[in-house]
file model19.txt (compact mmCIF, C-alpha atoms)
# COMPACT_ATOMS: atom_id res chain seq x y z
CA GLU A 1 36.32 -34.34 -99.58
CA ILE A 2 33.87 -36.09 -97.25
CA LEU A 3 33.01 -32.90 -95.36
CA ALA A 4 32.40 -31.04 -98.64
CA ALA A 5 30.09 -33.76 -100.00
CA GLY A 6 26.46 -34.20 -99.05
CA HIS A 7 25.36 -36.35 -96.14
CA ILE A 8 22.23 -38.30 -95.22
CA GLY A 9 20.77 -35.57 -92.99
CA PRO A 10 18.40 -34.09 -95.62
CA LEU A 11 17.01 -37.57 -96.32
CA MET A 12 15.87 -38.26 -92.76
CA ASN A 13 12.10 -38.83 -92.45
CA ILE A 14 11.38 -38.01 -96.10
CA LEU A 15 9.46 -41.24 -96.78
CA LYS A 16 6.60 -40.62 -94.36
CA GLY A 17 5.61 -44.28 -94.12
CA SER A 18 6.26 -45.37 -97.71
CA PRO A 19 7.45 -48.97 -98.21
CA VAL A 20 11.12 -49.77 -98.70
CA ALA A 21 12.77 -52.88 -100.12
CA VAL A 22 16.20 -53.53 -98.65
CA VAL A 23 18.07 -55.77 -101.06
CA GLY A 24 21.02 -57.95 -100.15
CA ALA A 25 23.09 -60.30 -102.28
CA GLY A 26 22.09 -63.54 -100.62
CA PRO A 27 21.39 -66.60 -102.77
CA SER A 28 17.62 -65.99 -102.67
CA LEU A 29 18.13 -62.79 -104.69
CA ASP A 30 18.58 -64.95 -107.80
CA LYS A 31 15.01 -66.25 -107.59
CA ASN A 32 13.37 -63.13 -106.13
CA VAL A 33 14.94 -60.22 -108.01
CA GLU A 34 12.09 -59.96 -110.53
CA SER A 35 9.66 -59.17 -107.70
CA LEU A 36 11.49 -55.85 -107.34
CA ARG A 37 10.73 -54.74 -110.89
CA ASP A 38 7.35 -53.25 -109.91
CA PHE A 39 8.03 -52.55 -106.25
CA PRO A 40 5.84 -49.59 -105.24
CA GLY A 41 8.36 -47.90 -102.94
CA LEU A 42 12.01 -47.04 -102.52
CA THR A 43 14.69 -49.70 -103.08
CA ILE A 44 17.90 -49.68 -101.07
CA ALA A 45 20.55 -52.09 -102.32
CA THR A 46 23.63 -53.25 -100.50
CA ASP A 47 26.91 -52.76 -102.33
CA ARG A 48 27.05 -56.24 -103.86
CA ALA A 49 23.34 -56.41 -104.69
CA ALA A 50 23.33 -53.12 -106.62
CA LYS A 51 25.34 -54.44 -109.53
CA ALA A 52 23.23 -57.60 -109.70
CA MET A 53 19.98 -55.61 -109.73
CA THR A 54 21.28 -53.13 -112.30
CA ALA A 55 22.44 -55.96 -114.59
CA ARG A 56 18.80 -57.07 -114.69
CA GLY A 57 17.52 -53.57 -115.48
CA ILE A 58 16.22 -52.91 -111.97
CA LEU A 59 17.86 -49.73 -110.70
CA PRO A 60 18.08 -49.23 -106.93
CA ASP A 61 17.19 -45.80 -105.59
CA LEU A 62 20.01 -45.90 -103.03
CA VAL A 63 23.08 -48.10 -102.62
CA VAL A 64 24.75 -48.57 -99.22
CA ALA A 65 28.45 -49.33 -98.66
CA VAL A 66 30.12 -49.57 -95.25
CA ASP A 67 33.00 -52.05 -95.61
CA PRO A 68 36.31 -50.12 -95.67
CA ARG A 69 38.25 -52.73 -97.70
CA PRO A 70 38.88 -51.25 -101.17
CA TYR A 71 39.95 -54.53 -102.80
CA HIS A 72 36.64 -56.06 -101.77
CA ILE A 73 34.11 -53.27 -102.31
CA ALA A 74 35.45 -51.08 -105.14
CA LYS A 75 34.90 -53.76 -107.79
CA MET A 76 31.31 -54.21 -106.61
CA LEU A 77 30.60 -50.53 -107.18
CA ASP A 78 32.45 -50.20 -110.47
CA TYR A 79 29.77 -50.35 -113.17
CA PRO A 80 28.73 -47.68 -115.72
CA GLU A 81 25.10 -47.38 -114.60
CA SER A 82 26.15 -46.16 -111.16
CA LYS A 83 26.40 -42.67 -112.70
CA ASP A 84 22.61 -42.41 -112.30
CA GLN A 85 22.49 -43.83 -108.76
CA VAL A 86 23.15 -42.50 -105.25
CA LEU A 87 25.67 -44.14 -102.93
CA ILE A 88 25.20 -43.84 -99.18
CA ALA A 89 28.80 -44.26 -98.04
CA SER A 90 30.35 -44.76 -94.65
CA VAL A 91 32.90 -42.12 -93.68
CA CYS A 92 35.19 -45.10 -93.02
CA LEU A 93 35.26 -46.25 -96.66
CA HIS A 94 38.62 -46.26 -98.37
CA PRO A 95 38.84 -43.45 -100.97
CA ASP A 96 39.34 -46.02 -103.76
CA VAL A 97 35.81 -47.25 -103.15
CA THR A 98 34.18 -43.90 -103.84
CA LYS A 99 36.51 -43.36 -106.82
CA ALA A 100 35.08 -46.50 -108.44
CA TRP A 101 31.57 -45.06 -108.06
CA ARG A 102 30.38 -42.79 -110.86
CA GLY A 103 27.25 -41.31 -109.30
CA ARG A 104 26.42 -39.03 -106.42
CA VAL A 105 27.69 -39.84 -102.92
CA ARG A 106 26.07 -38.98 -99.58
CA TYR A 107 27.95 -39.85 -96.43
CA MET A 108 26.98 -41.18 -93.02
CA SER A 109 28.99 -41.67 -89.89
CA HIS A 110 28.67 -44.40 -87.25
CA GLU A 111 27.88 -44.44 -83.60
CA ASN A 112 28.52 -47.21 -81.11
CA PRO A 113 28.18 -45.86 -77.57
CA GLY A 114 31.02 -46.79 -75.27
CA THR A 115 33.73 -47.08 -77.90
CA GLN A 116 36.46 -44.48 -78.12
CA PHE A 117 36.65 -44.25 -81.92
CA PHE A 118 32.91 -43.94 -82.49
CA ASP A 119 32.20 -41.74 -79.46
CA HIS A 120 35.12 -39.36 -79.84
CA GLY A 121 37.13 -39.93 -83.01
CA LEU A 122 34.47 -39.81 -85.72
CA PRO A 123 32.50 -36.86 -84.26
CA HIS A 124 35.75 -34.89 -84.06
CA LEU A 125 36.76 -35.76 -87.63
CA PHE A 126 33.28 -35.26 -89.10
CA PRO A 127 31.44 -32.71 -86.94
CA GLY A 128 27.72 -32.58 -87.59
CA MET A 129 27.75 -35.72 -89.75
CA PRO A 130 24.57 -37.76 -89.14
CA ALA A 131 25.41 -41.17 -87.72
CA LEU A 132 23.69 -44.54 -87.70
CA TYR A 133 24.30 -47.10 -85.00
CA CYS A 134 27.04 -49.50 -86.10
CA LEU A 135 25.29 -52.84 -86.59
CA GLY A 136 27.92 -55.12 -88.05
CA ASN A 137 27.08 -55.50 -91.73
CA VAL A 138 25.84 -53.56 -94.73
CA GLY A 139 22.43 -55.27 -94.75
CA ASN A 140 21.71 -54.23 -91.18
CA MET A 141 22.89 -50.69 -91.92
CA ALA A 142 20.56 -50.54 -94.95
CA VAL A 143 17.59 -51.58 -92.79
CA GLN A 144 18.50 -48.97 -90.21
CA LEU A 145 18.83 -46.35 -92.96
CA ALA A 146 15.35 -47.26 -94.23
CA GLY A 147 13.97 -46.69 -90.74
CA GLU A 148 15.72 -43.32 -90.44
CA LEU A 149 14.35 -42.28 -93.84
CA GLY A 150 10.86 -42.81 -92.42
CA ALA A 151 9.95 -46.12 -94.04
CA GLY A 152 6.65 -47.79 -93.25
CA LYS A 153 6.96 -51.44 -94.18
CA ILE A 154 10.47 -52.70 -94.83
CA VAL A 155 10.64 -55.71 -97.14
CA MET A 156 13.87 -57.65 -97.17
CA VAL A 157 14.95 -59.39 -100.38
CA GLY A 158 18.16 -61.38 -100.66
CA GLN A 159 18.98 -60.86 -96.98
CA ASP A 160 19.58 -64.57 -96.30
CA TYR A 161 22.16 -64.44 -93.49
CA GLY A 162 23.01 -68.06 -94.18
CA TYR A 163 23.62 -70.60 -96.89
CA THR A 164 20.83 -71.43 -99.34
CA ASP A 165 21.36 -74.49 -101.50
CA GLY A 166 25.02 -74.48 -100.48
CA LYS A 167 25.58 -70.91 -101.71
CA MET A 168 26.65 -67.94 -99.60
CA SER A 169 25.67 -65.24 -102.12
CA ALA A 170 23.82 -64.55 -105.33
CA ASP A 171 25.42 -65.31 -108.68
CA GLU A 172 27.84 -62.82 -110.22
CA TRP A 173 25.59 -61.03 -112.70
CA VAL A 174 26.74 -59.01 -115.65
CA ARG A 175 24.96 -57.69 -118.70

call {"tool": "encode", "arguments": {"input": "model19.txt", "output": "structure tokens"}}
result
Amino acid sequence: EILAAGHIGPLMNILKGSPVAVVGAGPSLDKNVESLRDFPGLTIATDRAAKAMTARGILPDLVVAVDPRPYHIAKMLDYPESKDQVLIASVCLHPDVTKAWRGRVRYMSHENPGTQFFDHGLPHLFPGMPALYCLGNVGNMAVQLAGELGAGKIVMVGQDYGYTDGKMSADEWVR
């Protein structure tokens, strides 16, 4: 299924210096989400931020998911509006995660030089699959993806990487 689906290769360097907003689900997203409404470039949302943005009528252009845990990620990506959105999915995602998604999926692999699985396992399983360097979390992967797409300025919204006002993440938003 993954090999038959599209991958991120055709998207590389398409932005030619256009701005990108990379949106995470940190607590600051609650107060800054409206600034994305008229953002002049591409928006890339992390898995948890996508639903929050969409609930406010701000549709991300791309959504990134890398965490393989289905019980954690599938519910974040299960919302009706995803049918009109594009998911950039790790080849390591559990199949239940992509089943929850209703829209188009493009895959990416990972690289992490010096590790057996990334150096030898993934390239063997997914030959020719474009890979991004494995950077530890979905927000970092979204920033790296923006760079590979050819972004000029990258604006980070909701990428707190810490507690703000005692909160670890943005509120659970629903319509």

call {"tool": "residues_around", "arguments": {"input": "model19.txt", "residues": "A:Gly41", "least_positions_apart": "4", "cutoff": "9 Å", "atoms": "all atoms listed in the file", "output": "ChimeraX atom specification"}}
result
/A:18-21

call {"tool": "atom_distance", "arguments": {"input": "model19.txt", "atom1": "atom CA of A:Gly17", "atom2": "atom CA of A:Met129"}}
result
24.1 Å

call {"tool": "residues_around", "arguments": {"input": "model19.txt", "residues": "A:Val143", "least_positions_apart": "3", "cutoff": "12 Å", "atoms": "all atoms listed in the file", "output": "NGL selection string"}}
result
:A and (19-24 or 43-46 or 62-64 or 132-140 or 146-157 or 159)

call {"tool": "closest_residue", "arguments": {"input": "model19.txt", "among": "A:Ser109, A:Ala5, A:Asp61, A:Pro10", "to": "A:Pro40", "atoms": "all atoms listed in the file"}}
result
A:Asp61

call {"tool": "residues_around", "arguments": {"input": "model19.txt", "residues": "A:Glu81", "least_positions_apart": "3", "cutoff": "12 Å", "atoms": "only C-alpha atoms", "output": "PyMOL selection string"}}
result
chain A and resi 50-60+77-78+84-86+100-104+174-175

call {"tool": "write_last_selection", "arguments": {"input": "model19.txt", "atoms": "C-alpha atoms", "output": "mmCIF file, keeping the file's coordinate frame"}}
result
data_model
loop_
_atom_site.group_PDB
_atom_site.id
_atom_site.type_symbol
_atom_site.label_atom_id
_atom_site.label_comp_id
_atom_site.auth_asym_id
_atom_site.auth_seq_id
_atom_site.Cartn_x
_atom_site.Cartn_y
_atom_site.Cartn_z
ATOM 1 C CA ALA A 50 23.330 -53.120 -106.620
ATOM 2 C CA LYS A 51 25.340 -54.440 -109.530
ATOM 3 C CA ALA A 52 23.230 -57.600 -109.700
ATOM 4 C CA MET A 53 19.980 -55.610 -109.730
ATOM 5 C CA THR A 54 21.280 -53.130 -112.300
ATOM 6 C CA ALA A 55 22.440 -55.960 -114.590
ATOM 7 C CA ARG A 56 18.800 -57.070 -114.690
ATOM 8 C CA GLY A 57 17.520 -53.570 -115.480
ATOM 9 C CA ILE A 58 16.220 -52.910 -111.970
ATOM 10 C CA LEU A 59 17.860 -49.730 -110.700
ATOM 11 C CA PRO A 60 18.080 -49.230 -106.930
ATOM 12 C CA LEU A 77 30.600 -50.530 -107.180
ATOM 13 C CA ASP A 78 32.450 -50.200 -110.470
ATOM 14 C CA ASP A 84 22.610 -42.410 -112.300
ATOM 15 C CA GLN A 85 22.490 -43.830 -108.760
ATOM 16 C CA VAL A 86 23.150 -42.500 -105.250
ATOM 17 C CA ALA A 100 35.080 -46.500 -108.440
ATOM 18 C CA TRP A 101 31.570 -45.060 -108.060
ATOM 19 C CA ARG A 102 30.380 -42.790 -110.860
ATOM 20 C CA GLY A 103 27.250 -41.310 -109.300
ATOM 21 C CA ARG A 104 26.420 -39.030 -106.420
ATOM 22 C CA VAL A 174 26.740 -59.010 -115.650
ATOM 23 C CA ARG A 175 24.960 -57.690 -118.700
#

call {"tool": "residues_around", "arguments": {"input": "model19.txt", "residues": "A:Met108", "least_positions_apart": "6", "cutoff": "9 Å", "atoms": "all atoms listed in the file", "output": "VMD selection string"}}
result
chain A and resid 7 to 9 88 to 91 129 to 132

call {"tool": "atom_distance", "arguments": {"input": "model19.txt", "atom1": "atom CA of A:Gly6", "atom2": "atom CA of A:Tyr71"}}
result
24.7 Å

call {"tool": "atom_distance", "arguments": {"input": "model19.txt", "atom1": "atom CA of A:Asp38", "atom2": "atom CA of A:Lys83"}}
result
22.0 Å
